[in-house]
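Listing of final.pdb, PDB, C-alpha atoms
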```pdb
ATOM      1  CA  MET A   1      57.578-187.814  85.923
ATOM      2  CA  ILE A   2      57.189-190.976  88.033
ATOM      3  CA  LEU A   3      54.685-191.067  90.877
ATOM      4  CA  LYS A   4      54.373-193.596  93.679
ATOM      5  CA  LEU A   5      50.711-194.438  93.163
ATOM      6  CA  ASN A   6      48.851-197.688  93.395
ATOM      7  CA  LYS A   7      45.695-198.652  91.589
ATOM      8  CA  GLN A   8      43.499-198.427  94.655
ATOM      9  CA  GLN A   9      44.534-194.806  95.188
ATOM     10  CA  ILE A  10      43.603-194.005  91.601
ATOM     11  CA  ARG A  11      40.305-195.893  91.817
ATOM     12  CA  THR A  12      39.407-194.111  95.064
ATOM     13  CA  ALA A  13      40.234-190.706  93.571
ATOM     14  CA  LEU A  14      37.968-191.348  90.567
ATOM     15  CA  GLU A  15      35.115-192.643  92.705
ATOM     16  CA  GLU A  16      35.323-189.707  95.097
ATOM     17  CA  ALA A  17      35.335-187.174  92.263
ATOM     18  CA  TYR A  18      32.368-188.899  90.635
ATOM     19  CA  ASP A  19      30.371-188.972  93.871
ATOM     20  CA  HIS A  20      31.246-185.360  94.635
ATOM     21  CA  TYR A  21      30.097-183.933  91.301
ATOM     22  CA  LYS A  22      27.487-186.347  89.944
ATOM     23  CA  ASP A  23      24.607-184.128  91.070
ATOM     24  CA  ASN A  24      26.168-180.867  89.872
ATOM     25  CA  THR A  25      23.740-179.017  87.580
ATOM     26  CA  GLU A  26      25.920-176.106  86.435
ATOM     27  CA  GLY A  27      26.306-175.294  82.754
ATOM     28  CA  LYS A  28      24.174-176.234  79.764
ATOM     29  CA  ASN A  29      24.484-178.406  76.680
ATOM     30  CA  ALA A  30      25.780-176.820  73.485
ATOM     31  CA  ASP A  31      22.637-175.638  71.696
ATOM     32  CA  TYR A  32      24.066-174.220  68.473
ATOM     33  CA  ILE A  33      24.429-177.803  67.234
ATOM     34  CA  PRO A  34      20.920-179.300  67.556
ATOM     35  CA  PHE A  35      22.100-182.882  68.149
ATOM     36  CA  LEU A  36      24.218-181.873  71.154
ATOM     37  CA  ALA A  37      21.320-180.013  72.735
ATOM     38  CA  GLY A  38      19.423-183.299  72.933
ATOM     39  CA  VAL A  39      22.092-185.385  74.678
ATOM     40  CA  PRO A  40      20.936-186.304  78.230
ATOM     41  CA  SER A  41      22.548-183.708  80.476
ATOM     42  CA  ARG A  42      22.899-186.002  83.514
ATOM     43  CA  LEU A  43      25.351-188.344  81.782
ATOM     44  CA  PHE A  44      28.699-188.342  83.595
ATOM     45  CA  GLY A  45      31.708-190.631  83.471
ATOM     46  CA  ILE A  46      35.388-190.658  84.394
ATOM     47  CA  ALA A  47      38.080-193.079  83.199
ATOM     48  CA  ALA A  48      41.806-193.621  83.695
ATOM     49  CA  CYS A  49      44.070-195.848  81.608
ATOM     50  CA  LEU A  50      47.283-197.048  83.254
ATOM     51  CA  PRO A  51      50.622-198.042  81.669
ATOM     52  CA  ASP A  52      49.743-201.748  81.823
ATOM     53  CA  GLY A  53      46.533-201.137  79.895
ATOM     54  CA  GLU A  54      44.164-201.492  82.849
ATOM     55  CA  LEU A  55      41.155-199.198  82.718
ATOM     56  CA  ILE A  56      39.622-197.787  85.874
ATOM     57  CA  ALA A  57      36.200-196.311  85.154
ATOM     58  CA  VAL A  58      33.177-194.977  86.994
ATOM     59  CA  GLY A  59      29.850-193.719  85.686
ATOM     60  CA  ASP A  60      28.720-193.470  82.061
ATOM     61  CA  THR A  61      32.019-194.413  80.441
ATOM     62  CA  ASP A  62      30.503-196.635  77.734
ATOM     63  CA  TYR A  63      28.251-193.935  76.287
ATOM     64  CA  ALA A  64      29.394-192.839  72.814
ATOM     65  CA  PHE A  65      29.256-189.031  72.582
ATOM     66  CA  GLY A  66      30.467-186.562  69.969
ATOM     67  CA  ILE A  67      34.241-186.213  70.151
ATOM     68  CA  GLU A  68      34.035-182.671  68.739
ATOM     69  CA  SER A  69      37.173-180.572  69.399
ATOM     70  CA  VAL A  70      39.002-183.358  71.197
ATOM     71  CA  SER A  71      39.475-184.725  67.661
ATOM     72  CA  LYS A  72      41.886-181.855  67.022
ATOM     73  CA  VAL A  73      44.494-183.648  69.133
ATOM     74  CA  PRO A  74      44.805-186.806  66.970
ATOM     75  CA  THR A  75      44.636-184.819  63.726
ATOM     76  CA  ALA A  76      47.421-182.508  64.903
ATOM     77  CA  LEU A  77      49.421-185.597  65.890
ATOM     78  CA  LEU A  78      48.788-187.224  62.521
ATOM     79  CA  ALA A  79      49.940-184.097  60.679
ATOM     80  CA  MET A  80      53.116-184.060  62.791
ATOM     81  CA  HIS A  81      53.545-187.796  62.219
ATOM     82  CA  GLN A  82      53.305-187.340  58.446
ATOM     83  CA  TYR A  83      55.274-184.109  58.055
ATOM     84  CA  GLY A  84      57.292-183.594  61.234
ATOM     85  CA  ALA A  85      56.650-181.190  64.090
ATOM     86  CA  GLU A  86      58.617-178.321  62.555
ATOM     87  CA  THR A  87      56.558-178.338  59.356
ATOM     88  CA  VAL A  88      53.312-178.171  61.329
ATOM     89  CA  LEU A  89      54.769-175.322  63.382
ATOM     90  CA  ARG A  90      55.706-173.447  60.217
ATOM     91  CA  GLN A  91      52.473-174.036  58.303
ATOM     92  CA  ILE A  92      49.989-173.735  61.181
ATOM     93  CA  GLY A  93      51.658-172.500  64.376
ATOM     94  CA  ALA A  94      51.609-173.177  68.102
ATOM     95  CA  ASP A  95      50.376-169.960  69.721
ATOM     96  CA  ALA A  96      47.214-169.594  71.758
ATOM     97  CA  THR A  97      44.831-167.012  70.324
ATOM     98  CA  GLY A  98      43.275-165.996  73.637
ATOM     99  CA  LEU A  99      39.996-165.882  71.711
ATOM    100  CA  PRO A 100      37.047-168.298  71.327
ATOM    101  CA  PHE A 101      37.771-171.590  69.531
ATOM    102  CA  ASN A 102      35.803-170.576  66.420
ATOM    103  CA  SER A 103      37.145-167.039  66.177
ATOM    104  CA  ILE A 104      37.402-165.416  62.754
ATOM    105  CA  MET A 105      39.015-162.344  64.296
ATOM    106  CA  ALA A 106      42.022-164.474  65.325
ATOM    107  CA  ILE A 107      42.734-165.213  61.655
ATOM    108  CA  LEU A 108      42.419-161.539  60.731
ATOM    109  CA  LEU A 109      44.802-160.568  63.517
ATOM    110  CA  GLU A 110      47.376-163.220  62.578
ATOM    111  CA  ASN A 111      46.880-163.686  58.851
ATOM    112  CA  ASP A 112      50.252-165.360  58.432
ATOM    113  CA  HIS A 113      49.213-168.356  60.590
ATOM    114  CA  PRO A 114      46.031-170.128  61.732
ATOM    115  CA  SER A 115      47.792-169.959  65.172
ATOM    116  CA  THR A 116      47.424-173.536  66.458
ATOM    117  CA  PRO A 117      45.937-176.860  65.270
ATOM    118  CA  LEU A 118      43.809-176.981  68.436
ATOM    119  CA  VAL A 119      41.410-174.208  67.390
ATOM    120  CA  ASN A 120      38.984-174.501  64.482
ATOM    121  CA  ALA A 121      41.076-172.611  61.922
ATOM    122  CA  GLY A 122      44.230-174.599  62.646
ATOM    123  CA  ALA A 123      42.328-177.874  62.798
ATOM    124  CA  ILE A 124      40.805-177.274  59.366
ATOM    125  CA  ALA A 125      44.304-176.446  58.092
ATOM    126  CA  ALA A 126      45.618-179.654  59.700
ATOM    127  CA  CYS A 127      42.904-181.681  57.935
ATOM    128  CA  SER A 128      43.950-180.060  54.666
ATOM    129  CA  MET A 129      47.549-181.201  55.246
ATOM    130  CA  ILE A 130      46.727-184.874  55.793
ATOM    131  CA  ARG A 131      48.040-187.053  52.992
ATOM    132  CA  PRO A 132      47.160-187.960  50.299
ATOM    133  CA  THR A 133      46.286-184.538  48.904
ATOM    134  CA  GLY A 134      43.005-184.211  47.014
ATOM    135  CA  ALA A 135      41.680-187.642  47.974
ATOM    136  CA  SER A 136      38.810-187.288  50.414
ATOM    137  CA  ASP A 137      38.198-191.007  51.055
ATOM    138  CA  ALA A 138      41.898-191.785  51.501
ATOM    139  CA  LYS A 139      42.389-188.809  53.819
ATOM    140  CA  TRP A 140      39.398-189.896  55.896
ATOM    141  CA  LYS A 141      40.771-193.429  56.083
ATOM    142  CA  ALA A 142      44.109-192.066  57.321
ATOM    143  CA  ILE A 143      42.405-189.968  60.015
ATOM    144  CA  THR A 144      40.088-192.687  61.301
ATOM    145  CA  GLU A 145      42.729-195.417  61.250
ATOM    146  CA  PHE A 146      45.062-193.175  63.242
ATOM    147  CA  ILE A 147      42.379-192.437  65.846
ATOM    148  CA  GLU A 148      41.539-196.153  66.080
ATOM    149  CA  ALA A 149      45.225-196.916  66.626
ATOM    150  CA  LEU A 150      45.316-194.337  69.437
ATOM    151  CA  THR A 151      42.195-195.739  71.112
ATOM    152  CA  GLY A 152      42.855-199.386  70.302
ATOM    153  CA  SER A 153      39.227-199.820  69.195
ATOM    154  CA  ARG A 154      36.788-199.113  66.397
ATOM    155  CA  ILE A 155      35.096-195.742  66.030
ATOM    156  CA  ALA A 156      32.249-194.534  63.841
ATOM    157  CA  VAL A 157      30.591-191.294  62.839
ATOM    158  CA  ILE A 158      27.347-190.401  64.604
ATOM    159  CA  ASP A 159      25.345-189.755  61.435
ATOM    160  CA  GLU A 160      22.754-187.505  63.059
ATOM    161  CA  LEU A 161      25.514-185.382  64.581
ATOM    162  CA  TYR A 162      27.319-185.153  61.233
ATOM    163  CA  ARG A 163      24.130-183.936  59.546
ATOM    164  CA  SER A 164      23.510-181.485  62.360
ATOM    165  CA  GLU A 165      27.072-180.161  62.144
ATOM    166  CA  SER A 166      26.998-179.894  58.345
ATOM    167  CA  GLU A 167      23.752-177.919  58.387
ATOM    168  CA  THR A 168      25.071-175.357  60.908
ATOM    169  CA  ASN A 169      28.790-174.948  60.118
ATOM    170  CA  PHE A 170      28.519-171.535  58.448
ATOM    171  CA  ASN A 171      31.187-170.000  60.684
ATOM    172  CA  ASN A 172      33.640-172.798  59.892
ATOM    173  CA  ARG A 173      32.877-172.415  56.192
ATOM    174  CA  ALA A 174      33.902-168.779  56.441
ATOM    175  CA  ILE A 175      37.072-169.805  58.279
ATOM    176  CA  ALA A 176      38.023-172.311  55.567
ATOM    177  CA  TRP A 177      37.710-169.749  52.786
ATOM    178  CA  LEU A 178      39.479-167.047  54.790
ATOM    179  CA  LEU A 179      42.382-169.472  55.217
ATOM    180  CA  ARG A 180      42.315-170.000  51.467
ATOM    181  CA  ASN A 181      42.528-166.236  50.998
ATOM    182  CA  TYR A 182      45.699-166.143  53.106
ATOM    183  CA  GLY A 183      47.242-169.249  51.519
ATOM    184  CA  ARG A 184      47.044-171.156  54.803
ATOM    185  CA  ILE A 185      44.922-174.095  53.702
ATOM    186  CA  TYR A 186      46.725-176.845  51.815
ATOM    187  CA  ASP A 187      43.981-178.676  49.942
ATOM    188  CA  ASP A 188      40.511-177.905  48.628
ATOM    189  CA  PRO A 189      38.700-175.786  51.286
ATOM    190  CA  GLU A 190      35.362-177.613  51.019
ATOM    191  CA  LEU A 191      37.039-181.023  51.168
ATOM    192  CA  SER A 192      39.069-179.949  54.210
ATOM    193  CA  LEU A 193      36.012-178.496  55.943
ATOM    194  CA  ASP A 194      34.042-181.708  55.385
ATOM    195  CA  LEU A 195      36.875-183.803  56.829
ATOM    196  CA  TYR A 196      36.977-181.562  59.878
ATOM    197  CA  THR A 197      33.189-181.733  60.306
ATOM    198  CA  ARG A 198      33.193-185.516  59.985
ATOM    199  CA  GLN A 199      36.011-185.999  62.490
ATOM    200  CA  CYS A 200      34.168-183.819  65.011
ATOM    201  CA  SER A 201      31.125-186.074  64.529
ATOM    202  CA  LEU A 202      32.870-189.272  65.560
ATOM    203  CA  GLY A 203      31.386-191.067  68.524
ATOM    204  CA  VAL A 204      33.772-191.962  71.360
ATOM    205  CA  THR A 205      33.462-193.108  74.945
ATOM    206  CA  ALA A 206      35.309-191.835  77.996
ATOM    207  CA  ARG A 207      37.126-195.187  78.072
ATOM    208  CA  GLN A 208      38.361-194.682  74.515
ATOM    209  CA  LEU A 209      39.554-191.158  75.286
ATOM    210  CA  ALA A 210      41.404-192.443  78.351
ATOM    211  CA  VAL A 211      43.243-194.977  76.180
ATOM    212  CA  MET A 212      44.059-192.259  73.646
ATOM    213  CA  ALA A 213      45.437-190.102  76.449
ATOM    214  CA  ALA A 214      47.439-193.035  77.814
ATOM    215  CA  THR A 215      48.908-193.707  74.352
ATOM    216  CA  ILE A 216      50.123-190.111  74.270
ATOM    217  CA  ALA A 217      51.357-190.387  77.867
ATOM    218  CA  SER A 218      53.272-193.561  76.935
ATOM    219  CA  GLY A 219      55.206-191.882  74.137
ATOM    220  CA  GLY A 220      53.053-193.154  71.303
ATOM    221  CA  VAL A 221      52.721-196.797  72.361
ATOM    222  CA  ASN A 222      49.150-197.945  72.958
ATOM    223  CA  PRO A 223      49.172-199.641  76.406
ATOM    224  CA  ILE A 224      46.438-202.090  75.407
ATOM    225  CA  THR A 225      47.463-203.143  71.886
ATOM    226  CA  HIS A 226      51.195-202.374  72.393
ATOM    227  CA  LEU A 227      51.186-200.866  68.900
ATOM    228  CA  LYS A 228      53.638-198.004  68.353
ATOM    229  CA  VAL A 229      51.357-195.358  66.862
ATOM    230  CA  PHE A 230      53.744-192.397  66.637
ATOM    231  CA  ASP A 231      57.256-191.416  67.615
ATOM    232  CA  ALA A 232      57.847-190.575  71.276
ATOM    233  CA  ALA A 233      59.374-187.221  70.302
ATOM    234  CA  LEU A 234      55.873-185.985  69.417
ATOM    235  CA  THR A 235      54.452-186.429  72.932
ATOM    236  CA  PRO A 236      56.040-183.235  74.338
ATOM    237  CA  LYS A 237      54.906-181.354  71.216
ATOM    238  CA  ILE A 238      51.240-182.321  71.456
ATOM    239  CA  THR A 239      51.120-181.915  75.235
ATOM    240  CA  ALA A 240      52.639-178.440  74.859
ATOM    241  CA  LEU A 241      49.841-177.538  72.443
ATOM    242  CA  MET A 242      47.236-178.916  74.846
ATOM    243  CA  ALA A 243      48.761-176.996  77.744
ATOM    244  CA  THR A 244      48.627-173.695  75.862
ATOM    245  CA  VAL A 245      45.178-173.844  74.265
ATOM    246  CA  GLY A 246      43.307-176.970  75.403
ATOM    247  CA  PHE A 247      40.507-174.978  77.038
ATOM    248  CA  TYR A 248      40.516-172.007  74.684
ATOM    249  CA  GLU A 249      40.306-168.688  76.556
ATOM    250  CA  HIS A 250      40.085-170.540  79.891
ATOM    251  CA  THR A 251      43.282-172.518  79.332
ATOM    252  CA  GLY A 252      45.357-170.453  81.748
ATOM    253  CA  ASP A 253      42.806-170.983  84.513
ATOM    254  CA  TRP A 254      42.797-174.736  83.861
ATOM    255  CA  LEU A 255      46.573-175.074  83.826
ATOM    256  CA  TYR A 256      46.912-172.913  86.939
ATOM    257  CA  ALA A 257      44.397-175.115  88.766
ATOM    258  CA  THR A 258      45.588-178.549  87.615
ATOM    259  CA  GLY A 259      48.973-178.406  85.889
ATOM    260  CA  LEU A 260      47.672-180.955  83.353
ATOM    261  CA  PRO A 261      47.802-180.795  79.534
ATOM    262  CA  ALA A 262      44.223-181.470  78.453
ATOM    263  CA  LYS A 263      41.765-180.893  75.611
ATOM    264  CA  SER A 264      38.052-180.278  75.820
ATOM    265  CA  GLY A 265      35.232-180.599  73.301
ATOM    266  CA  VAL A 266      31.717-179.157  73.148
ATOM    267  CA  GLY A 267      30.353-182.704  73.183
ATOM    268  CA  GLY A 268      31.265-182.706  76.880
ATOM    269  CA  GLY A 269      34.457-184.755  76.738
ATOM    270  CA  ILE A 270      37.876-183.903  78.165
ATOM    271  CA  LEU A 271      41.107-185.803  77.495
ATOM    272  CA  ALA A 272      43.997-185.244  79.920
ATOM    273  CA  VAL A 273      47.572-186.535  79.675
ATOM    274  CA  VAL A 274      49.946-187.204  82.570
ATOM    275  CA  PRO A 275      53.156-187.958  80.617
ATOM    276  CA  GLY A 276      54.770-191.225  81.644
ATOM    277  CA  VAL A 277      52.033-191.914  84.179
ATOM    278  CA  MET A 278      48.481-192.317  82.815
ATOM    279  CA  GLY A 279      45.724-191.042  80.586
ATOM    280  CA  LEU A 280      42.547-189.536  82.005
ATOM    281  CA  ALA A 281      39.185-188.694  80.474
ATOM    282  CA  ALA A 282      35.852-187.393  81.695
ATOM    283  CA  PHE A 283      32.499-186.723  80.063
ATOM    284  CA  ALA A 284      29.472-184.630  81.002
ATOM    285  CA  PRO A 285      27.467-182.618  78.426
ATOM    286  CA  PRO A 286      26.712-179.317  80.263
ATOM    287  CA  LEU A 287      29.307-176.678  79.336
ATOM    288  CA  ASP A 288      30.580-173.380  80.692
ATOM    289  CA  GLU A 289      30.497-170.197  78.604
ATOM    290  CA  ALA A 290      33.764-171.110  76.822
ATOM    291  CA  GLY A 291      32.510-174.543  75.714
ATOM    292  CA  ASN A 292      34.200-176.730  78.346
ATOM    293  CA  SER A 293      32.366-179.394  80.370
ATOM    294  CA  VAL A 294      31.692-178.098  83.869
ATOM    295  CA  LYS A 295      31.508-181.437  85.705
ATOM    296  CA  ALA A 296      34.356-183.022  83.746
ATOM    297  CA  GLN A 297      36.626-180.072  84.572
ATOM    298  CA  LYS A 298      35.764-180.135  88.250
ATOM    299  CA  ALA A 299      36.171-183.904  88.548
ATOM    300  CA  LEU A 300      39.538-184.005  86.784
ATOM    301  CA  ALA A 301      40.789-181.035  88.793
ATOM    302  CA  GLN A 302      39.909-182.843  92.031
ATOM    303  CA  ILE A 303      41.640-186.020  90.836
ATOM    304  CA  ALA A 304      44.752-184.073  89.814
ATOM    305  CA  ASP A 305      44.885-182.424  93.226
ATOM    306  CA  ARG A 306      44.199-185.625  95.157
ATOM    307  CA  LEU A 307      46.931-187.565  93.318
ATOM    308  CA  SER A 308      49.369-184.624  92.846
ATOM    309  CA  LEU A 309      49.388-185.140  89.078
ATOM    310  CA  GLY A 310      50.230-181.589  88.009
ATOM    311  CA  LEU A 311      53.359-181.328  85.876
ATOM    312  CA  PHE A 312      54.644-178.435  87.964
ATOM    313  CA  ASN A 313      54.278-180.193  91.312
ATOM    314  CA  THR A 314      57.618-179.860  93.125
ATOM    315  CA  THR A 315      56.962-182.930  95.288
ATOM    316  CA  HIS A 316      57.638-185.256  92.362
ATOM    317  CA  GLY A 317      60.742-187.285  92.963
ATOM    318  CA  ILE A 318      62.767-189.751  90.958
ATOM    319  CA  VAL A 319      62.256-193.335  92.089
ATOM    320  CA  THR A 320      63.832-196.578  90.991
ATOM    321  CA  GLU A 321      62.163-198.908  88.522
ATOM    322  CA  ALA A 322      61.459-201.320  91.357
ATOM    323  CA  GLU A 323      59.476-198.622  93.143
ATOM    324  CA  ARG A 324      57.086-198.022  90.287
ATOM    325  CA  SER A 325      53.710-198.944  91.709
ATOM    326  CA  LEU A 326      51.274-197.797  89.041
ATOM    327  CA  VAL A 327      51.291-201.309  87.588
ATOM    328  CA  GLU A 328      50.900-203.081  90.918
ATOM    329  CA  ALA A 329      47.607-204.760  91.692
TER     330      ALA A 329
END
```
As a first step, turn the structure in this file into C-alpha cells.
Amino acid sequence: MILKLNKQQIRTALEEAYDHYKDNTEGKNADYIPFLAGVPSRLFGIAACLPDGELIAVGDTDYAFGIESVSKVPTALLAMHQYGAETVLRQIGADATGLPFNSIMAILLENDHPSTPLVNAGAIAACSMIRPTGASDAKWKAITEFIEALTGSRIAVIDELYRSESETNFNNRAIAWLLRNYGRIYDDPELSLDLYTRQCSLGVTARQLAVMAATIASGGVNPITHLKVFDAALTPKITALMATVGFYEHTGDWLYATGLPAKSGVGGGILAVVPGVMGLAAFAPPLDEAGNSVKAQKALAQIADRLSLGLFNTTHGIVTEAERSLVEA
C-alpha cells in the first residue's frame, strides 16, 4: 500500500487527534496490578515513525510506561525469526480465542493449542520456545536485544512493575502449568513464566513503540538504524496475528473501525502498523473493560480515518516511486 501523504498532513492529523481527546476521562487504569493503578491517568501521547526515520510526536511521548501485552508482538516475531512461521503456527497457533487475554477457559476449550502468541497462554509458550533452551539469562538477552533492535534504542525493566507483576501473576502461573499438562510449553514452566512477566515489565515510550511499528511496516528494517532485524516475509504473518487478536474480544470492533493491525497493552500503550507506510503508537493509561486504552484507541482511529490508512480502503492506488511523498519535507 502506497499513500500520497506528506509530513504536514500526518503532523496535523496527530495534533488534531491529541487536541480532540486530551481531556477525555473515560476508562480507568488497570488496578489488578498495583503499579499500573498508580500511573498518572492524564498522561497521553501519540507518535508516528516514517520510512525515513523521522518521528512526529505530540504529548507525553517520552514517558516510559509498562509495555505489558504489546511485548507479545516482538516475542512472537522472535520465535518466528528463530524457528520459522510454520513452526510457530504448529506449536502455538494463530486463531483468536474470542475470550479475555488471560483466559484459562480458552486453553481448556482448545487443549491442542494455546491459540495465538498474542494472548497470555500463547505468549508464555512463545517465551518457552526462545533459544537457547533452559538458559534463563541467555533467553532474556535474546528477547531484550531483539526488542532493542526493533526500537533502535535501549530498554530496561521497570523494577517496581516487575515486582508488582510477580506478586500478582497467579492466573498466569495456572496458565503455565496447564500448558505443561497439555505438552504445549517447551521449556521449564516457571522459567518461561518469569521471562513473560519480565518482558511485560519493560518500560517503553510511545516514540519507541512507533519505531518498532515502523520496523515491522518496513519489512523488518529499522528506519532509524537501517539494521535488518528480521526477514520481510514475517511482516504479513505478525500483522495478520495483530489484525485477528490485537484487542482481544474487541478486535473485530477495532478492525471494523480502523482497518489497522494493532496491539494493545494494559499499560495503556497501542502499537499500530501501516505496512509499507508508517508505524503509529499512542499511550494513555485509562482502559476499557477489555483492557485497551480508551484515548489511544480513539486517537488512532481518528488518525486512521483522517489519513485513510485502513488496509481495506478501496481508494488506495498504485503510484510511481517519484510520487511517494511520505519522505518529503
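In terms of minimum interatomic distance to Val245 of chain A, A:Pro261 ranks closest within A:Pro189, A:Pro261, A:Gly310, A:Pro275, counting only C-alpha atoms.
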In terms of the shortest atom-to-atom distance over only C-alpha atoms, which of A:Asn29, A:Thr239, A:Gln302, A:Thr225 is closest to Ala257 of chain A?
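Distance minimum relative to Ala257 of chain A lands on A:Gln302.
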Residue neighbourhood Leu287 of chain A, 7 Å, only C-alpha atoms, exclusion window fewer than 5 positions, as a PyMOL selection string:
chain A and resi 27-30+268+292-294
Residues returned when the PyMOL selection byres ((chain A and resi 149-156) around 9) runs on this file, as a count of residues only:
32
Determine, counting all atoms listed in the file, which protein, DNA and RNA residues have an atom within 8 Å of an atom of segment 60-62 of chain A; residues of the same chain fewer than 2 positions away are not included. Present the result as a list in words.
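So the residues in contact are Leu43, Phe44, Gly45, Ile46, Ala47, Ala57, Val58, Ala64, Thr205, Ala206, Arg207 and Phe283 of chain A.
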From the options A:Lys263, A:Lys237, A:Lys141, A:His250, which residue's atoms come nearest to Leu89 of chain A, counting all atoms listed in the file?
A:Lys237
With all heavy atoms as the target, complete segment 24-31 of chain A and hand it back as a short mmCIF file (atom, residue, chain, number, x, y, z; two decimals), in the frame of the given file.
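This is the output file selection28.cif:
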```
data_model
loop_
_atom_site.label_atom_id
_atom_site.label_comp_id
_atom_site.auth_asym_id
_atom_site.auth_seq_id
_atom_site.Cartn_x
_atom_site.Cartn_y
_atom_site.Cartn_z
N ASN A 24 25.94 -182.25 90.27
CA ASN A 24 26.17 -180.87 89.87
C ASN A 24 25.31 -180.53 88.65
O ASN A 24 25.25 -181.30 87.69
CB ASN A 24 27.66 -180.67 89.55
CG ASN A 24 27.99 -179.23 89.20
OD1 ASN A 24 27.60 -178.73 88.17
ND2 ASN A 24 28.73 -178.57 90.08
N THR A 25 24.63 -179.40 88.67
CA THR A 25 23.74 -179.02 87.58
C THR A 25 24.19 -177.73 86.88
O THR A 25 23.42 -177.13 86.13
CB THR A 25 22.30 -178.84 88.09
OG1 THR A 25 22.29 -177.83 89.12
CG2 THR A 25 21.76 -180.15 88.65
N GLU A 26 25.43 -177.31 87.09
CA GLU A 26 25.92 -176.11 86.44
C GLU A 26 26.13 -176.33 84.94
O GLU A 26 26.40 -177.43 84.49
CB GLU A 26 27.24 -175.67 87.07
CG GLU A 26 27.14 -175.28 88.53
CD GLU A 26 28.52 -174.99 89.11
OE1 GLU A 26 29.10 -173.94 88.75
OE2 GLU A 26 29.02 -175.82 89.89
N GLY A 27 26.06 -175.24 84.18
CA GLY A 27 26.31 -175.29 82.75
C GLY A 27 25.09 -175.75 81.97
O GLY A 27 24.04 -176.08 82.52
N LYS A 28 25.24 -175.75 80.64
CA LYS A 28 24.17 -176.23 79.76
C LYS A 28 24.78 -176.85 78.51
O LYS A 28 25.89 -176.49 78.10
CB LYS A 28 23.22 -175.11 79.39
CG LYS A 28 23.82 -174.01 78.54
CD LYS A 28 22.74 -173.02 78.10
CE LYS A 28 23.31 -171.99 77.13
NZ LYS A 28 22.27 -171.10 76.61
N ASN A 29 24.03 -177.77 77.92
CA ASN A 29 24.48 -178.41 76.68
C ASN A 29 24.70 -177.37 75.58
O ASN A 29 24.02 -176.34 75.55
CB ASN A 29 23.44 -179.41 76.19
CG ASN A 29 23.37 -180.65 77.03
OD1 ASN A 29 23.58 -180.61 78.24
ND2 ASN A 29 23.04 -181.76 76.40
N ALA A 30 25.63 -177.65 74.68
CA ALA A 30 25.78 -176.82 73.48
C ALA A 30 24.46 -176.85 72.71
O ALA A 30 23.94 -177.93 72.43
CB ALA A 30 26.92 -177.34 72.62
N ASP A 31 23.93 -175.67 72.39
CA ASP A 31 22.64 -175.64 71.70
C ASP A 31 22.73 -175.12 70.27
O ASP A 31 21.75 -175.14 69.53
CB ASP A 31 21.62 -174.81 72.48
CG ASP A 31 22.11 -173.41 72.80
OD1 ASP A 31 23.14 -172.99 72.22
OD2 ASP A 31 21.46 -172.72 73.61
#
```
